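Visitor: So here's work.json (JSON, C-alpha atoms).
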```json
[["chain", "number", "residue", "atom", "x", "y", "z"],
["A", 1, "MET", "CA", 115.11, 122.48, 31.12],
["A", 2, "PRO", "CA", 117.90, 121.32, 33.46],
["A", 3, "PRO", "CA", 121.49, 122.33, 32.72],
["A", 4, "ALA", "CA", 123.33, 120.07, 30.30],
["A", 5, "THR", "CA", 125.74, 118.97, 33.02],
["A", 6, "ILE", "CA", 122.92, 117.41, 35.04],
["A", 7, "ALA", "CA", 121.62, 114.19, 33.51],
["A", 8, "LEU", "CA", 118.13, 112.98, 34.35],
["A", 9, "ALA", "CA", 116.50, 109.73, 33.26],
["A", 10, "PRO", "CA", 115.11, 110.08, 29.73],
["A", 11, "GLU", "CA", 111.54, 109.60, 30.94],
["A", 12, "ILE", "CA", 111.73, 112.82, 33.02],
["A", 13, "THR", "CA", 111.16, 116.28, 31.57],
["A", 14, "VAL", "CA", 111.51, 119.28, 33.87],
["A", 15, "ILE", "CA", 109.48, 122.28, 32.70],
["A", 16, "GLU", "CA", 111.14, 125.14, 34.55],
["A", 17, "ARG", "CA", 108.70, 127.99, 35.08],
["A", 18, "GLY", "CA", 108.94, 131.55, 36.35],
["A", 19, "TRP", "CA", 108.29, 132.26, 40.02],
["A", 20, "LEU", "CA", 104.55, 132.78, 39.52],
["A", 21, "SER", "CA", 104.20, 129.08, 38.66],
["A", 22, "ALA", "CA", 106.03, 126.18, 40.26],
["A", 23, "ASN", "CA", 108.09, 123.91, 38.04],
["A", 24, "ASN", "CA", 106.28, 121.01, 36.37],
["A", 25, "VAL", "CA", 107.88, 117.55, 36.25],
["A", 26, "LEU", "CA", 106.59, 115.33, 33.45],
["A", 27, "PHE", "CA", 107.08, 111.56, 33.36],
["A", 28, "LEU", "CA", 106.66, 109.40, 30.26],
["A", 29, "GLY", "CA", 106.59, 105.77, 31.35],
["A", 30, "ARG", "CA", 106.04, 102.75, 29.18],
["A", 31, "ASP", "CA", 102.51, 102.28, 30.50],
["A", 32, "ALA", "CA", 101.51, 105.63, 32.03],
["A", 33, "THR", "CA", 102.32, 109.33, 32.12],
["A", 34, "ALA", "CA", 102.38, 111.61, 35.15],
["A", 35, "LEU", "CA", 102.90, 115.26, 36.11],
["A", 36, "VAL", "CA", 104.07, 116.69, 39.42],
["A", 37, "ASP", "CA", 102.62, 120.14, 40.18],
["A", 38, "SER", "CA", 100.63, 122.32, 37.79],
["A", 39, "GLY", "CA", 101.57, 125.98, 38.29],
["A", 40, "TYR", "CA", 99.39, 129.03, 38.94],
["A", 41, "CYS", "CA", 95.96, 129.48, 37.39],
["A", 42, "SER", "CA", 96.82, 132.58, 35.34],
["A", 43, "ASN", "CA", 99.38, 130.42, 33.51],
["A", 44, "ALA", "CA", 97.07, 127.42, 33.16],
["A", 45, "ALA", "CA", 96.64, 127.63, 29.37],
["A", 46, "GLN", "CA", 100.40, 127.73, 28.96],
["A", 47, "THR", "CA", 100.77, 124.79, 31.36],
["A", 48, "VAL", "CA", 98.31, 122.70, 29.35],
["A", 49, "ALA", "CA", 100.13, 123.56, 26.12],
["A", 50, "LEU", "CA", 103.55, 122.73, 27.56],
["A", 51, "VAL", "CA", 102.36, 119.43, 29.00],
["A", 52, "GLU", "CA", 100.50, 118.51, 25.81],
["A", 53, "SER", "CA", 103.65, 119.14, 23.79],
["A", 54, "GLY", "CA", 105.74, 117.03, 26.16],
["A", 55, "LEU", "CA", 103.27, 114.13, 26.07],
["A", 56, "GLN", "CA", 103.90, 113.61, 22.34],
["A", 57, "GLY", "CA", 100.31, 112.61, 21.63],
["A", 58, "ARG", "CA", 99.74, 110.55, 24.76],
["A", 59, "PRO", "CA", 97.12, 111.39, 27.41],
["A", 60, "LEU", "CA", 98.06, 112.59, 30.88],
["A", 61, "ASP", "CA", 97.19, 109.77, 33.29],
["A", 62, "LEU", "CA", 98.28, 110.99, 36.75],
["A", 63, "LEU", "CA", 98.64, 114.40, 38.42],
["A", 64, "LEU", "CA", 100.39, 114.82, 41.78],
["A", 65, "ASN", "CA", 100.77, 117.89, 43.98],
["A", 66, "THR", "CA", 103.65, 118.25, 46.43],
["A", 67, "HIS", "CA", 101.41, 120.64, 48.37],
["A", 68, "LEU", "CA", 98.35, 122.76, 47.74],
["A", 69, "HIS", "CA", 99.67, 126.31, 47.51],
["A", 70, "SER", "CA", 98.16, 128.04, 44.52],
["A", 71, "ASP", "CA", 101.39, 128.15, 42.52],
["A", 72, "HIS", "CA", 101.62, 124.34, 42.68],
["A", 73, "CYS", "CA", 98.01, 123.34, 42.03],
["A", 74, "GLY", "CA", 96.42, 126.31, 40.24],
["A", 75, "GLY", "CA", 96.55, 124.47, 36.91],
["A", 76, "ASN", "CA", 94.86, 121.33, 38.22],
["A", 77, "ALA", "CA", 91.39, 122.27, 37.01],
["A", 78, "ALA", "CA", 92.59, 123.10, 33.49],
["A", 79, "LEU", "CA", 94.52, 119.83, 33.22],
["A", 80, "GLN", "CA", 91.48, 117.90, 34.43],
["A", 81, "ALA", "CA", 89.33, 119.63, 31.84],
["A", 82, "ARG", "CA", 91.80, 118.76, 29.09],
["A", 83, "TRP", "CA", 92.17, 115.11, 30.18],
["A", 84, "PRO", "CA", 88.90, 114.17, 31.94],
["A", 85, "ARG", "CA", 90.15, 110.69, 32.92],
["A", 86, "LEU", "CA", 93.16, 112.17, 34.70],
["A", 87, "SER", "CA", 93.63, 110.84, 38.26],
["A", 88, "THR", "CA", 94.73, 113.48, 40.77],
["A", 89, "GLN", "CA", 96.51, 112.70, 44.05],
["A", 90, "ILE", "CA", 97.09, 115.25, 46.82],
["A", 91, "PRO", "CA", 98.78, 115.09, 50.24],
["A", 92, "PRO", "CA", 96.27, 113.81, 52.79],
["A", 93, "GLY", "CA", 96.28, 116.71, 55.26],
["A", 94, "GLN", "CA", 93.86, 118.89, 53.29],
["A", 95, "TRP", "CA", 91.77, 116.16, 51.71],
["A", 96, "ASN", "CA", 88.54, 117.26, 53.41],
["A", 97, "GLN", "CA", 89.08, 120.93, 52.55],
["A", 98, "VAL", "CA", 89.45, 120.03, 48.86],
["A", 99, "GLN", "CA", 86.42, 117.74, 48.88],
["A", 100, "ASP", "CA", 84.32, 120.50, 50.49],
["A", 101, "TRP", "CA", 86.25, 123.20, 48.58],
["A", 102, "ASP", "CA", 87.07, 125.63, 51.38],
["A", 103, "PRO", "CA", 89.20, 128.45, 49.84],
["A", 104, "VAL", "CA", 89.69, 129.99, 53.28],
["A", 105, "ALA", "CA", 91.13, 126.83, 54.89],
["A", 106, "LEU", "CA", 93.16, 126.20, 51.72],
["A", 107, "SER", "CA", 94.73, 129.70, 52.11],
["A", 108, "TYR", "CA", 93.62, 131.09, 48.74],
["A", 109, "ALA", "CA", 91.12, 133.66, 50.00],
["A", 110, "PRO", "CA", 93.24, 134.92, 52.93],
["A", 111, "THR", "CA", 96.32, 135.47, 50.73],
["A", 112, "GLY", "CA", 94.39, 137.15, 47.92],
["A", 113, "GLN", "CA", 95.30, 134.42, 45.44],
["A", 114, "ASP", "CA", 93.12, 132.43, 43.06],
["A", 115, "CYS", "CA", 92.78, 128.70, 42.53],
["A", 116, "PRO", "CA", 89.93, 127.23, 40.46],
["A", 117, "ARG", "CA", 88.18, 124.33, 42.14],
["A", 118, "PHE", "CA", 89.66, 120.98, 41.19],
["A", 119, "ARG", "CA", 88.92, 117.33, 41.90],
["A", 120, "ALA", "CA", 91.07, 115.12, 44.15],
["A", 121, "ASP", "CA", 90.77, 111.39, 43.51],
["A", 122, "ALA", "CA", 93.26, 109.84, 45.95],
["A", 123, "ARG", "CA", 95.62, 110.67, 48.80],
["A", 124, "LEU", "CA", 99.36, 110.88, 48.19],
["A", 125, "MET", "CA", 100.38, 109.15, 51.41],
["A", 126, "PRO", "CA", 103.77, 109.65, 53.11],
["A", 127, "GLY", "CA", 105.45, 106.29, 53.57],
["A", 128, "SER", "CA", 104.06, 104.91, 50.33],
["A", 129, "GLU", "CA", 105.64, 104.29, 46.92],
["A", 130, "LEU", "CA", 104.29, 104.93, 43.45],
["A", 131, "ARG", "CA", 105.55, 104.44, 39.93],
["A", 132, "LEU", "CA", 106.53, 107.55, 38.01],
["A", 133, "GLY", "CA", 108.00, 106.87, 34.62],
["A", 134, "ASP", "CA", 109.21, 103.32, 35.08],
["A", 135, "ARG", "CA", 110.70, 103.66, 38.55],
["A", 136, "ALA", "CA", 109.45, 103.38, 42.13],
["A", 137, "TRP", "CA", 109.40, 106.74, 43.92],
["A", 138, "GLN", "CA", 109.11, 107.14, 47.69],
["A", 139, "VAL", "CA", 106.69, 109.64, 49.23],
["A", 140, "HIS", "CA", 108.02, 111.44, 52.33],
["A", 141, "ALA", "CA", 106.32, 113.98, 54.60],
["A", 142, "ALA", "CA", 108.07, 117.37, 54.33],
["A", 143, "PRO", "CA", 106.45, 119.79, 56.79],
["A", 144, "GLY", "CA", 107.79, 123.30, 57.32],
["A", 145, "HIS", "CA", 106.95, 125.56, 54.38],
["A", 146, "ASP", "CA", 103.56, 123.85, 54.41],
["A", 147, "SER", "CA", 102.42, 121.50, 57.17],
["A", 148, "HIS", "CA", 101.01, 118.97, 54.70],
["A", 149, "ALA", "CA", 103.72, 119.00, 52.03],
["A", 150, "VAL", "CA", 105.43, 115.91, 50.66],
["A", 151, "LEU", "CA", 108.59, 115.30, 48.68],
["A", 152, "LEU", "CA", 109.31, 112.49, 46.21],
["A", 153, "PHE", "CA", 112.55, 110.49, 46.11],
["A", 154, "GLU", "CA", 113.81, 107.85, 43.69],
["A", 155, "PRO", "CA", 116.53, 105.87, 45.50],
["A", 156, "ALA", "CA", 118.17, 104.11, 42.54],
["A", 157, "THR", "CA", 119.22, 107.32, 40.76],
["A", 158, "ARG", "CA", 118.87, 109.41, 43.97],
["A", 159, "VAL", "CA", 116.72, 112.11, 42.40],
["A", 160, "LEU", "CA", 114.63, 114.27, 44.73],
["A", 161, "ILE", "CA", 111.55, 116.32, 43.81],
["A", 162, "SER", "CA", 111.65, 118.74, 46.72],
["A", 163, "GLY", "CA", 108.73, 121.10, 46.15],
["A", 164, "ASP", "CA", 109.43, 124.18, 48.29],
["A", 165, "ALA", "CA", 111.26, 122.28, 51.05],
["A", 166, "LEU", "CA", 114.65, 122.96, 49.44],
["A", 167, "TRP", "CA", 115.73, 125.25, 46.63],
["A", 168, "GLU", "CA", 119.27, 125.85, 45.47],
["A", 169, "ASN", "CA", 119.26, 129.08, 47.48],
["A", 170, "GLY", "CA", 116.89, 128.48, 50.37],
["A", 171, "PHE", "CA", 113.31, 127.31, 50.83],
["A", 172, "GLY", "CA", 109.79, 128.65, 50.81],
["A", 173, "VAL", "CA", 108.26, 130.98, 53.40],
["A", 174, "VAL", "CA", 107.41, 129.06, 56.57],
["A", 175, "PHE", "CA", 103.70, 129.82, 56.53],
["A", 176, "PRO", "CA", 102.67, 127.75, 59.60],
["A", 177, "GLU", "CA", 105.11, 129.80, 61.70],
["A", 178, "LEU", "CA", 103.26, 132.96, 60.64],
["A", 179, "ASP", "CA", 100.03, 131.38, 61.87],
["A", 180, "GLY", "CA", 101.46, 130.87, 65.34],
["A", 181, "GLU", "CA", 102.74, 127.31, 65.00],
["A", 182, "ASP", "CA", 106.26, 126.26, 65.97],
["A", 183, "ALA", "CA", 107.27, 125.33, 62.42],
["A", 184, "PHE", "CA", 110.92, 126.36, 62.13],
["A", 185, "GLY", "CA", 111.74, 123.04, 63.80],
["A", 186, "ASP", "CA", 109.79, 121.26, 61.06],
["A", 187, "VAL", "CA", 111.91, 123.00, 58.42],
["A", 188, "GLY", "CA", 115.06, 121.78, 60.15],
["A", 189, "ALA", "CA", 113.72, 118.23, 60.42],
["A", 190, "THR", "CA", 112.86, 118.19, 56.71],
["A", 191, "LEU", "CA", 116.35, 119.44, 55.84],
["A", 192, "ASP", "CA", 117.74, 116.63, 58.01],
["A", 193, "LEU", "CA", 115.56, 114.13, 56.13],
["A", 194, "ILE", "CA", 116.91, 115.38, 52.81],
["A", 195, "GLU", "CA", 120.45, 115.03, 54.11],
["A", 196, "ARG", "CA", 119.74, 111.41, 55.13],
["A", 197, "LEU", "CA", 118.26, 110.63, 51.73],
["A", 198, "ALA", "CA", 121.47, 112.03, 50.19],
["A", 199, "PRO", "CA", 120.09, 112.92, 46.76],
["A", 200, "LEU", "CA", 122.51, 113.43, 43.91],
["A", 201, "THR", "CA", 120.08, 115.65, 42.00],
["A", 202, "VAL", "CA", 117.29, 117.93, 43.21],
["A", 203, "ILE", "CA", 114.36, 119.11, 41.10],
["A", 204, "PRO", "CA", 113.06, 122.07, 43.16],
["A", 205, "GLY", "CA", 109.66, 123.69, 43.07],
["A", 206, "HIS", "CA", 111.26, 126.90, 41.78],
["A", 207, "GLY", "CA", 114.56, 127.53, 40.05],
["A", 208, "GLY", "CA", 116.85, 125.22, 38.15],
["A", 209, "VAL", "CA", 117.71, 121.60, 38.75],
["A", 210, "PHE", "CA", 120.86, 121.38, 40.88],
["A", 211, "ALA", "CA", 123.38, 118.82, 42.07],
["A", 212, "ASP", "CA", 125.42, 120.49, 44.84],
["A", 213, "VAL", "CA", 123.04, 119.38, 47.55],
["A", 214, "PRO", "CA", 125.41, 119.77, 50.55],
["A", 215, "GLN", "CA", 125.95, 123.43, 49.69],
["A", 216, "ALA", "CA", 122.22, 124.00, 49.19],
["A", 217, "LEU", "CA", 121.51, 122.42, 52.59],
["A", 218, "ALA", "CA", 124.17, 124.59, 54.22],
["A", 219, "ARG", "CA", 122.64, 127.73, 52.71],
["A", 220, "ALA", "CA", 119.16, 126.65, 53.79],
["A", 221, "ARG", "CA", 120.32, 126.02, 57.35],
["A", 222, "ARG", "CA", 121.98, 129.44, 57.56],
["A", 223, "ARG", "CA", 118.77, 131.02, 56.33],
["A", 224, "LEU", "CA", 116.74, 129.06, 58.84],
["A", 225, "ALA", "CA", 119.04, 130.08, 61.70],
["A", 226, "GLY", "CA", 118.58, 133.73, 60.73],
["A", 227, "PHE", "CA", 114.80, 133.40, 60.78],
["A", 228, "GLU", "CA", 114.84, 131.53, 64.10],
["A", 229, "ALA", "CA", 116.95, 134.30, 65.62],
["A", 230, "ASP", "CA", 114.64, 137.02, 64.26],
["A", 231, "PRO", "CA", 111.06, 135.88, 63.57],
["A", 232, "VAL", "CA", 110.07, 139.43, 62.66],
["A", 233, "LYS", "CA", 112.62, 139.30, 59.84],
["A", 234, "HIS", "CA", 110.87, 136.19, 58.55],
["A", 235, "ALA", "CA", 107.46, 137.87, 58.80],
["A", 236, "ARG", "CA", 108.72, 140.91, 56.87],
["A", 237, "HIS", "CA", 110.22, 138.61, 54.24],
["A", 238, "ALA", "CA", 106.91, 136.74, 53.95],
["A", 239, "ALA", "CA", 104.92, 139.94, 53.52],
["A", 240, "LYS", "CA", 107.18, 141.12, 50.71],
["A", 241, "VAL", "CA", 107.13, 137.70, 49.04],
["A", 242, "LEU", "CA", 103.32, 137.68, 48.97],
["A", 243, "LEU", "CA", 103.19, 141.20, 47.55],
["A", 244, "LYS", "CA", 105.86, 140.41, 44.96],
["A", 245, "TYR", "CA", 103.94, 137.27, 44.00],
["A", 246, "LYS", "CA", 100.79, 139.31, 43.38],
["A", 247, "LEU", "CA", 102.83, 141.82, 41.41],
["A", 248, "LEU", "CA", 104.10, 138.97, 39.20],
["A", 249, "GLU", "CA", 100.44, 138.33, 38.39],
["A", 250, "TRP", "CA", 99.51, 141.99, 37.90],
["A", 251, "GLN", "CA", 102.82, 143.08, 36.31],
["A", 252, "GLN", "CA", 101.80, 146.64, 37.15],
["A", 253, "MET", "CA", 99.18, 148.26, 39.33],
["A", 254, "PRO", "CA", 98.42, 151.83, 40.49],
["A", 255, "LEU", "CA", 99.75, 152.36, 44.01],
["A", 256, "ALA", "CA", 96.27, 153.27, 45.23],
["A", 257, "ASP", "CA", 94.99, 149.87, 44.06],
["A", 258, "VAL", "CA", 97.96, 148.13, 45.66],
["A", 259, "GLN", "CA", 97.08, 149.83, 48.94],
["A", 260, "SER", "CA", 93.45, 148.77, 48.56],
["A", 261, "TRP", "CA", 94.46, 145.17, 47.88],
["A", 262, "LEU", "CA", 96.73, 145.07, 50.93],
["A", 263, "ALA", "CA", 93.96, 146.52, 53.11],
["A", 264, "ALA", "CA", 91.44, 143.96, 51.83],
["A", 265, "THR", "CA", 93.69, 140.88, 52.10],
["A", 266, "PRO", "CA", 93.15, 139.08, 55.44],
["A", 267, "TYR", "CA", 96.63, 137.61, 55.63],
["A", 268, "TYR", "CA", 98.16, 141.08, 55.73],
["A", 269, "ALA", "CA", 95.86, 142.12, 58.55],
["A", 270, "SER", "CA", 96.97, 139.04, 60.48],
["A", 271, "LEU", "CA", 100.68, 139.69, 59.86],
["A", 272, "HIS", "CA", 100.27, 143.34, 60.82],
["A", 273, "ALA", "CA", 98.50, 142.52, 64.08],
["A", 274, "ARG", "CA", 100.99, 139.82, 65.08],
["A", 275, "TYR", "CA", 104.28, 141.48, 64.10],
["A", 276, "PHE", "CA", 103.93, 145.13, 63.09],
["A", 277, "ALA", "CA", 101.16, 146.62, 65.20],
["A", 278, "GLU", "CA", 103.35, 149.58, 66.26],
["A", 279, "ARG", "CA", 102.80, 151.00, 62.76],
["A", 280, "THR", "CA", 99.44, 151.88, 61.24],
["A", 281, "PRO", "CA", 98.36, 149.49, 58.46],
["A", 282, "ARG", "CA", 98.95, 152.27, 55.91],
["A", 283, "GLN", "CA", 102.44, 153.00, 57.25],
["A", 284, "TRP", "CA", 103.32, 149.33, 57.10],
["A", 285, "ALA", "CA", 101.96, 148.96, 53.56],
["A", 286, "ASP", "CA", 104.00, 151.98, 52.43],
["A", 287, "GLU", "CA", 107.06, 150.43, 54.04],
["A", 288, "LEU", "CA", 106.55, 147.14, 52.18],
["A", 289, "VAL", "CA", 106.33, 148.95, 48.86],
["A", 290, "ARG", "CA", 109.45, 150.99, 49.60],
["A", 291, "GLU", "CA", 111.39, 147.85, 50.54],
["A", 292, "LEU", "CA", 110.33, 146.04, 47.36],
["A", 293, "VAL", "CA", 111.54, 149.01, 45.32],
["A", 294, "ALA", "CA", 114.77, 149.37, 47.32],
["A", 295, "GLY", "CA", 115.50, 145.67, 46.83],
["A", 296, "GLY", "CA", 115.06, 145.92, 43.06],
["A", 297, "ALA", "CA", 111.93, 143.73, 42.98],
["A", 298, "ALA", "CA", 109.68, 146.57, 41.78],
["A", 299, "ARG", "CA", 109.75, 150.12, 40.42],
["A", 300, "CYS", "CA", 107.44, 153.07, 41.02],
["A", 301, "VAL", "CA", 106.66, 154.88, 37.78],
["A", 302, "GLY", "CA", 104.22, 157.78, 37.89],
["A", 303, "GLY", "CA", 102.20, 156.40, 40.78],
["A", 304, "VAL", "CA", 102.22, 152.87, 39.39],
["A", 305, "LEU", "CA", 104.00, 149.91, 41.00],
["A", 306, "VAL", "CA", 105.72, 147.95, 38.22],
["A", 307, "ASN", "CA", 107.24, 144.48, 38.43],
["A", 308, "ALA", "CA", 111.01, 144.46, 38.00]]
```
What do you get writing this file as structure tokens?

Guide:
Amino acid sequence: MPPATIALAPEITVIERGWLSANNVLFLGRDATALVDSGYCSNAAQTVALVESGLQGRPLDLLLNTHLHSDHCGGNAALQARWPRLSTQIPPGQWNQVQDWDPVALSYAPTGQDCPRFRADARLMPGSELRLGDRAWQVHAAPGHDSHAVLLFEPATRVLISGDALWENGFGVVFPELDGEDAFGDVGATLDLIERLAPLTVIPGHGGVFADVPQALARARRRLAGFEADPVKHARHAAKVLLKYKLLEWQQMPLADVQSWLAATPYYASLHARYFAERTPRQWADELVRELVAGGAARCVGGVLVNA
């Protein structure tokens, strides 16, 4: 839940999750209910229970995804099973991949993550408006972290649902940049858009609701400048983030199995070839594990990598 010092409209409930699942934003309008983002699939039963409790006996009518990374849409299928009449809207850029269900193009198979197949009923179009709760929310394109991402803004109360475009202390890994696209510029343009919108309150994809938006933007821009100056630093950060994310799912795993997972995950092979080819894949994998442990994100206990 948001801190007591930050007031949101009574129809909005923020379900703050751990980093394995994105936050869920629940709207209870007079005529319809809605949810923004659904978390990761391993937490899907918990997501359904949390949403069901928040609905207070009402059905869930509308599900929106800010983007289609597995931590934001992994609970879609479970929510659709619980409320079969639920309408689901996704950003338009990956509409065809969802209709054909292509887990490679949707990034799930290459990153070694899971996402049960779900149904998409309509496109969440940038430039449009939709009613969430009892207010009109604007849909804006927010490329950078994900090329197809959107953010949602309510201009009367100036509340922003930012997805992974802006957190209180940064933003999400710039995945298109790792695939060879020039995407750092997109991150900067999205930060500029947020500054123009001038939100008073931000509901991020991860972490708590916050109100000091100028400071958050300043931190994000410093982080972006560091990545632009040293793309290898960004690639190393991304590799550790993906491993830490998997460790959040596993909680603990023998180091031999961690090594096997890294060797079998296509995204790591791509990152290694593009940025770290001077090391052998095994040397690089060992280095990632050591850096996770040195940074306090994991522990090695008797040959087992343990989440910290």

Visitor: So, counting only C-alpha atoms, which residue among A:Cys73, A:Leu224, A:Leu20, A:Ile161 is closest to Leu191 (chain A)?

Guide: A:Leu224

Visitor: Adding 6 Å on each side of the box along x, y and z that holds all listed atoms of region 8-27 of chain A, could you give its centre and edge lengths in Å to one decimal, as lines of an AutoDock Vina configuration file?

Guide:
```
center_x = 111.2
center_y = 121.2
center_z = 35.0
size_x = 25.9
size_y = 35.2
size_z = 22.5
```

Visitor: Restricting the calculation to all atoms listed in the file: of A:Ala122, A:Leu248, A:Leu152, A:Val173, which residue gets closest to Ile203 (chain A)?

Guide: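 Result for the nearest residue to Ile203 (chain A): A:Leu152.
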
Visitor: Applying 10 Å and only C-alpha atoms, which residues near Gln215 (chain A) remain after dropping the ones on its own chain fewer than 6 positions away? List them as a list in words.

Guide: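 Neighbouring residues, sequence-local ones excluded: Glu168, Asn169 and Arg221 of chain A.
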
Visitor: May I have the residues within 7 Å of Gly296 (chain A) as a list in words, using only C-alpha atoms and disregarding those fewer than 3 positions away in the same chain?

Guide: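 Close residues of Gly296 (chain A): Leu292, Val293 and Ala308 of chain A.
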
Visitor: Tell me, in Å to one decimal, how far CA of Pro91 (chain A) is from CA of Leu124 (chain A).

Guide: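 Separation of CA of Pro91 (chain A) and CA of Leu124 (chain A): 4.7 Å.
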
Visitor: List the spatial neighbours of Ser270 (chain A) as a list in words - criterion: any atom at most 12 Å away, all atoms listed in the file, same-chain residues fewer than 5 positions off excluded.

Guide: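 Counting only the stated atoms, we get Pro110, Thr111, Leu178, Asp179, Gly180, Ala235, Ala239, Leu262, Ala263, Ala264, Thr265, Tyr275, Phe276, Ala277 and Pro281 of chain A.
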
Visitor: Would you mind reading off the distance between CA of Asn96 (chain A) and CA of His67 (chain A), one decimal, in Å?

Guide: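 If I compute the distance from CA of Asn96 (chain A) to CA of His67 (chain A), I get 14.2 Å.
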
Visitor: Show me, as a ChimeraX atom specification, the residues that have an atom within 8 Å of Asn24 (chain A) when counting all atoms listed in the file, minus same-chain residues fewer than 3 positions from it.

Guide: /A:14-17,35-39,205

Visitor: Set the distance at 10 Å and use only C-alpha atoms: which residues neighbour Ala225 (chain A) once local chain neighbours fewer than 5 positions away are removed? I'd like the list as number ranges by chain.

Guide: A: 184, 188, 219-220, 230

Visitor: How far is it from CA of Val174 (chain A) to CA of Phe27 (chain A), in Å with one decimal?

Guide: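 Calculated distance between CA of Val174 (chain A) and CA of Phe27 (chain A) is 29.1 Å.
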
Visitor: With 8 Å as the cut-off and all atoms listed in the file counted, what is the closest atom pair between each nearby residue of region 63-132 of chain A and region 145-149 of chain A? Distances in Å to one decimal, ordered by chain and number, as a Markdown table.

Guide:
```
| residue | atom | partner | partner_atom | distance |
| --- | --- | --- | --- | --- |
| A:Thr66 | CA | A:Ala149 | CA | 5.7 |
| A:His67 | CA | A:Ala149 | CA | 4.6 |
| A:Leu68 | CA | A:Ala149 | CA | 7.8 |
| A:Pro91 | CA | A:His148 | CA | 6.3 |
| A:Pro92 | CA | A:His148 | CA | 7.3 |
| A:Gly93 | CA | A:His148 | CA | 5.3 |
| A:Gln94 | CA | A:His148 | CA | 7.3 |
```
